[in-house]
Amino acid sequence: MPTSSAEAAAPALRVRGLRAGYGDAPVVSGVDLDLACGQVAAVVGPNGAGKSTLVKALLGIVGFVEGEVVIDGRVTTGMPLERLARLGVGYVPQVEDVFESLRVRENLDMGGYLLPRRERARRVERVLETFPALRPRLDRYVETLSGGERKMTALARVLMLEPRLLLLDEPTASLSLSVSRVVLDQVRRLADLGKAVLLVEQRAAAALAVADWAYVMVRGGIAMSAPARRVLDDPAMREVFLGARASAGG
């Protein structure tokens, strides 16, 4: 995978021959993947292709069969989530990505639980520079926020530990198309700030519009690895791999 803005740097994420799943039946098989800082790599494909399972496998949440995961030059295969967080990995799941019964400020504090109090306060100010719309909502309970504000809270909470690598699983799920575009624009901005972002998305066309590279998954494997624009502009790929919704911008 070309590294564009991070040509001289080692990949933030390198995956080789990954096979993983549930029980004795691998859901993803033979996956190779590279991602550099400053880039968004979109993982797209039909429902049931194994996209979310891939992310969970990288985080050790689902059973690992074989292969290797390397983050910033360190083999992390099978590492627990807390240790990965200390190594600079941030994860936003599709559901249960915020503490609904807590205020926005408390969610951010929870995201910085590994930090001393003074440093935590400094990090809050820093993430509010990235998500200024959250500042007037700091004392609001998350359950009262709009879908877009909740997702921004989830992203801001993960950014509290200043991760180098972000794994985002369906960040636009249940959001309207207009709000989804706002969230994905924020994802693009995070990459432009130097983060490496692996983005799993069902809204394929919208994801590819902000991505640098695309991994198209079909039946648990990578069917195509190419620049995102090439996949987005190829009618055959849109029809075969992304489905009719892609041509409608969904």
# chains A, B, ... in the order shown; residues from 1 in each chain; ligands from 1
$ select_by_dssp --residues "region 127-176 of chain A" --states "alpha helix (DSSP H)" --output "list in words"
Val127, Leu128, Glu129, Thr130, Gly147, Gly148, Glu149, Arg150, Lys151, Met152, Thr153, Ala154, Leu155, Ala156, Arg157, Val158 and Leu159 of chain A
$ residues_around --residues "Asp97 (chain A)" --least-positions-apart "2" --cutoff "12 Å" --atoms "only C-alpha atoms" --output "PyMOL selection string"
chain A and resi 90-95+99-100+107-108+110-111+142+147+150-158+168-171+173
$ closest_residue --among "A:Gln202, A:Thr76, A:Gln39, A:Ser225" --to "Leu166 (chain A)" --atoms "only C-alpha atoms"
A:Gln39
$ closest_atom_pairs --of "region 176-217 of chain A" --to "region 232-237 of chain A" --cutoff "12 Å" --atoms "only C-alpha atoms" --output "JSON lines"
{"residue": "A:Arg203", "atom": "CA", "partner": "A:Leu232", "partner_atom": "CA", "distance": 11.8}
{"residue": "A:Ala204", "atom": "CA", "partner": "A:Leu232", "partner_atom": "CA", "distance": 8.5}
{"residue": "A:Ala205", "atom": "CA", "partner": "A:Leu232", "partner_atom": "CA", "distance": 6.4}
{"residue": "A:Ala206", "atom": "CA", "partner": "A:Leu232", "partner_atom": "CA", "distance": 9.4}
{"residue": "A:Ala207", "atom": "CA", "partner": "A:Leu232", "partner_atom": "CA", "distance": 9.6}
{"residue": "A:Leu208", "atom": "CA", "partner": "A:Leu232", "partner_atom": "CA", "distance": 6.3}
{"residue": "A:Ala209", "atom": "CA", "partner": "A:Leu232", "partner_atom": "CA", "distance": 7.5}
{"residue": "A:Val210", "atom": "CA", "partner": "A:Leu232", "partner_atom": "CA", "distance": 10.7}
{"residue": "A:Ala211", "atom": "CA", "partner": "A:Leu232", "partner_atom": "CA", "distance": 10.2}
{"residue": "A:Asp212", "atom": "CA", "partner": "A:Leu232", "partner_atom": "CA", "distance": 11.1}
{"residue": "A:Trp213", "atom": "CA", "partner": "A:Leu232", "partner_atom": "CA", "distance": 10.5}
{"residue": "A:Ala214", "atom": "CA", "partner": "A:Leu232", "partner_atom": "CA", "distance": 9.1}
{"residue": "A:Tyr215", "atom": "CA", "partner": "A:Leu232", "partner_atom": "CA", "distance": 11.7}
{"residue": "A:Val216", "atom": "CA", "partner": "A:Met237", "partner_atom": "CA", "distance": 9.1}
{"residue": "A:Met217", "atom": "CA", "partner": "A:Met237", "partner_atom": "CA", "distance": 11.6}
$ residues_around --residues "region 117-122 of chain A" --least-positions-apart "5" --cutoff "8 Å" --atoms "only C-alpha atoms" --output "list in words"
Asp109, Gly112 and Met160 of chain A
$ write_last_selection --atoms "N, CA and C atoms" --output "PDB file, in the first residue's frame"
ATOM      1  N   ASP A 109     -13.307  12.175  30.741  1.00  0.00           N
ATOM      2  CA  ASP A 109     -12.479  11.769  31.879  1.00  0.00           C
ATOM      3  C   ASP A 109     -12.273  10.257  31.900  1.00  0.00           C
ATOM      4  N   GLY A 112      -9.629   9.194  29.602  1.00  0.00           N
ATOM      5  CA  GLY A 112      -8.284   9.482  30.078  1.00  0.00           C
ATOM      6  C   GLY A 112      -7.970   8.858  31.416  1.00  0.00           C
ATOM      7  N   MET A 160      -8.536  10.900  24.018  1.00  0.00           N
ATOM      8  CA  MET A 160      -7.942  11.359  25.274  1.00  0.00           C
ATOM      9  C   MET A 160      -6.561  10.749  25.520  1.00  0.00           C
TER      10      MET A 160
END
$ closest_residue --among "A:Gly21, A:Gly38, A:Pro46, A:Pro163" --to "Arg219 (chain A)" --atoms "only C-alpha atoms"
A:Pro46
$ closest_residue --among "A:Leu167, A:Asp72, A:Ala85, A:Pro11" --to "Ala57 (chain A)" --atoms "only C-alpha atoms"
A:Leu167
$ select_by_dssp --residues "region 4-221 of chain A" --states "strand (DSSP E)" --output "PyMOL selection string"
chain A and resi 13-22+25-35+40-44+63-71+74-75+89-92+165-169+196-200+213-218+221
$ write_last_selection --atoms "C-alpha atoms" --output "PDB file, in the first residue's frame"
ATOM      1  CA  LEU A  13      -0.411  -1.242  11.253  1.00  0.00           C
ATOM      2  CA  ARG A  14       0.783  -4.297   9.354  1.00  0.00           C
ATOM      3  CA  VAL A  15      -1.233  -7.507   9.123  1.00  0.00           C
ATOM      4  CA  ARG A  16      -0.105 -10.713   7.444  1.00  0.00           C
ATOM      5  CA  GLY A  17      -2.003 -13.957   6.888  1.00  0.00           C
ATOM      6  CA  LEU A  18      -4.638 -13.258   9.516  1.00  0.00           C
ATOM      7  CA  ARG A  19      -7.170 -16.008  10.183  1.00  0.00           C
ATOM      8  CA  ALA A  20      -9.619 -15.502  13.036  1.00  0.00           C
ATOM      9  CA  GLY A  21     -13.209 -16.071  14.071  1.00  0.00           C
ATOM     10  CA  TYR A  22     -15.439 -17.810  16.554  1.00  0.00           C
ATOM     11  CA  ALA A  25     -14.791 -21.722  12.128  1.00  0.00           C
ATOM     12  CA  PRO A  26     -12.627 -18.784  10.938  1.00  0.00           C
ATOM     13  CA  VAL A  27     -14.661 -15.813   9.721  1.00  0.00           C
ATOM     14  CA  VAL A  28     -11.698 -13.958   8.207  1.00  0.00           C
ATOM     15  CA  SER A  29      -8.925 -15.777   6.401  1.00  0.00           C
ATOM     16  CA  GLY A  30      -5.659 -14.855   4.724  1.00  0.00           C
ATOM     17  CA  VAL A  31      -5.974 -11.113   5.340  1.00  0.00           C
ATOM     18  CA  ASP A  32      -2.992  -8.878   4.556  1.00  0.00           C
ATOM     19  CA  LEU A  33      -3.247  -5.174   5.358  1.00  0.00           C
ATOM     20  CA  ASP A  34      -0.994  -2.105   5.725  1.00  0.00           C
ATOM     21  CA  LEU A  35      -1.816   1.333   7.082  1.00  0.00           C
ATOM     22  CA  VAL A  40      -7.615   6.458   6.189  1.00  0.00           C
ATOM     23  CA  ALA A  41      -8.005   2.882   4.990  1.00  0.00           C
ATOM     24  CA  ALA A  42     -11.658   1.958   4.436  1.00  0.00           C
ATOM     25  CA  VAL A  43     -12.746  -1.656   4.846  1.00  0.00           C
ATOM     26  CA  VAL A  44     -15.913  -2.077   2.786  1.00  0.00           C
ATOM     27  CA  GLY A  63     -10.436 -15.992  18.508  1.00  0.00           C
ATOM     28  CA  PHE A  64      -7.109 -15.854  16.684  1.00  0.00           C
ATOM     29  CA  VAL A  65      -6.135 -18.824  14.487  1.00  0.00           C
ATOM     30  CA  GLU A  66      -2.948 -17.760  12.736  1.00  0.00           C
ATOM     31  CA  GLY A  67      -1.109 -14.820  11.223  1.00  0.00           C
ATOM     32  CA  GLU A  68       0.614 -11.740  12.598  1.00  0.00           C
ATOM     33  CA  VAL A  69      -0.450  -8.253  13.677  1.00  0.00           C
ATOM     34  CA  VAL A  70       2.288  -5.633  13.983  1.00  0.00           C
ATOM     35  CA  ILE A  71       1.641  -2.143  15.358  1.00  0.00           C
ATOM     36  CA  ARG A  74       5.837  -4.403  17.578  1.00  0.00           C
ATOM     37  CA  VAL A  75       4.069  -7.748  17.311  1.00  0.00           C
ATOM     38  CA  VAL A  89      -4.357   2.096  19.804  1.00  0.00           C
ATOM     39  CA  GLY A  90      -7.836   3.622  20.008  1.00  0.00           C
ATOM     40  CA  TYR A  91     -11.018   1.652  19.336  1.00  0.00           C
ATOM     41  CA  VAL A  92     -14.551   2.922  18.776  1.00  0.00           C
ATOM     42  CA  LEU A 165      -3.827   4.214  15.419  1.00  0.00           C
ATOM     43  CA  LEU A 166      -7.645   4.394  15.399  1.00  0.00           C
ATOM     44  CA  LEU A 167      -9.900   1.424  14.652  1.00  0.00           C
ATOM     45  CA  LEU A 168     -13.448   2.591  13.919  1.00  0.00           C
ATOM     46  CA  ASP A 169     -16.234   0.033  13.529  1.00  0.00           C
ATOM     47  CA  ALA A 196      -3.682   6.186  11.085  1.00  0.00           C
ATOM     48  CA  VAL A 197      -7.370   5.304  10.725  1.00  0.00           C
ATOM     49  CA  LEU A 198      -8.815   1.911   9.852  1.00  0.00           C
ATOM     50  CA  LEU A 199     -12.450   2.602   9.017  1.00  0.00           C
ATOM     51  CA  VAL A 200     -15.000  -0.195   8.749  1.00  0.00           C
ATOM     52  CA  TRP A 213      -7.012   3.261   0.377  1.00  0.00           C
ATOM     53  CA  ALA A 214      -9.728   0.616   0.183  1.00  0.00           C
ATOM     54  CA  TYR A 215      -9.836  -2.998   1.256  1.00  0.00           C
ATOM     55  CA  VAL A 216     -12.876  -4.708  -0.217  1.00  0.00           C
ATOM     56  CA  MET A 217     -13.885  -7.765   1.815  1.00  0.00           C
ATOM     57  CA  VAL A 218     -15.930 -10.640   0.444  1.00  0.00           C
ATOM     58  CA  GLY A 221     -11.083 -12.328   2.568  1.00  0.00           C
TER      59      GLY A 221
END
$ residues_around --residues "Arg181 (chain A)" --least-positions-apart "4" --cutoff "9 Å" --atoms "only C-alpha atoms" --output "VMD selection string"
chain A and resid 172 176 to 177 185 to 186 206 to 207
$ write_last_selection --atoms "N, CA and C atoms" --output "mmCIF file, in the first residue's frame"
data_model
loop_
_atom_site.group_PDB
_atom_site.id
_atom_site.type_symbol
_atom_site.label_atom_id
_atom_site.label_comp_id
_atom_site.auth_asym_id
_atom_site.auth_seq_id
_atom_site.Cartn_x
_atom_site.Cartn_y
_atom_site.Cartn_z
ATOM 1 N N THR A 172 -20.891 5.394 11.469
ATOM 2 C CA THR A 172 -22.102 6.097 11.029
ATOM 3 C C THR A 172 -23.359 5.250 11.192
ATOM 4 N N SER A 176 -28.211 9.575 10.147
ATOM 5 C CA SER A 176 -28.717 10.001 8.851
ATOM 6 C C SER A 176 -27.547 10.213 7.901
ATOM 7 N N LEU A 177 -27.831 10.254 6.618
ATOM 8 C CA LEU A 177 -26.768 10.430 5.631
ATOM 9 C C LEU A 177 -26.036 11.752 5.839
ATOM 10 N N ASP A 185 -16.239 13.322 7.774
ATOM 11 C CA ASP A 185 -15.337 14.459 7.573
ATOM 12 C C ASP A 185 -14.414 14.614 8.778
ATOM 13 N N GLN A 186 -14.943 14.379 9.979
ATOM 14 C CA GLN A 186 -14.118 14.437 11.186
ATOM 15 C C GLN A 186 -13.077 13.322 11.175
ATOM 16 N N ALA A 206 -19.605 6.767 0.844
ATOM 17 C CA ALA A 206 -19.242 7.865 1.736
ATOM 18 C C ALA A 206 -17.888 7.623 2.380
ATOM 19 N N ALA A 207 -17.622 6.367 2.754
ATOM 20 C CA ALA A 207 -16.335 6.041 3.365
ATOM 21 C C ALA A 207 -15.197 6.193 2.361
#
$ closest_residue --among "A:Leu87, A:Phe131, A:Gly60, A:Leu161" --to "Val183 (chain A)" --atoms "only C-alpha atoms"
A:Phe131
$ atom_distance --atom1 "CA of Glu106 (chain A)" --atom2 "CA of Cys37 (chain A)"
29.0 Å
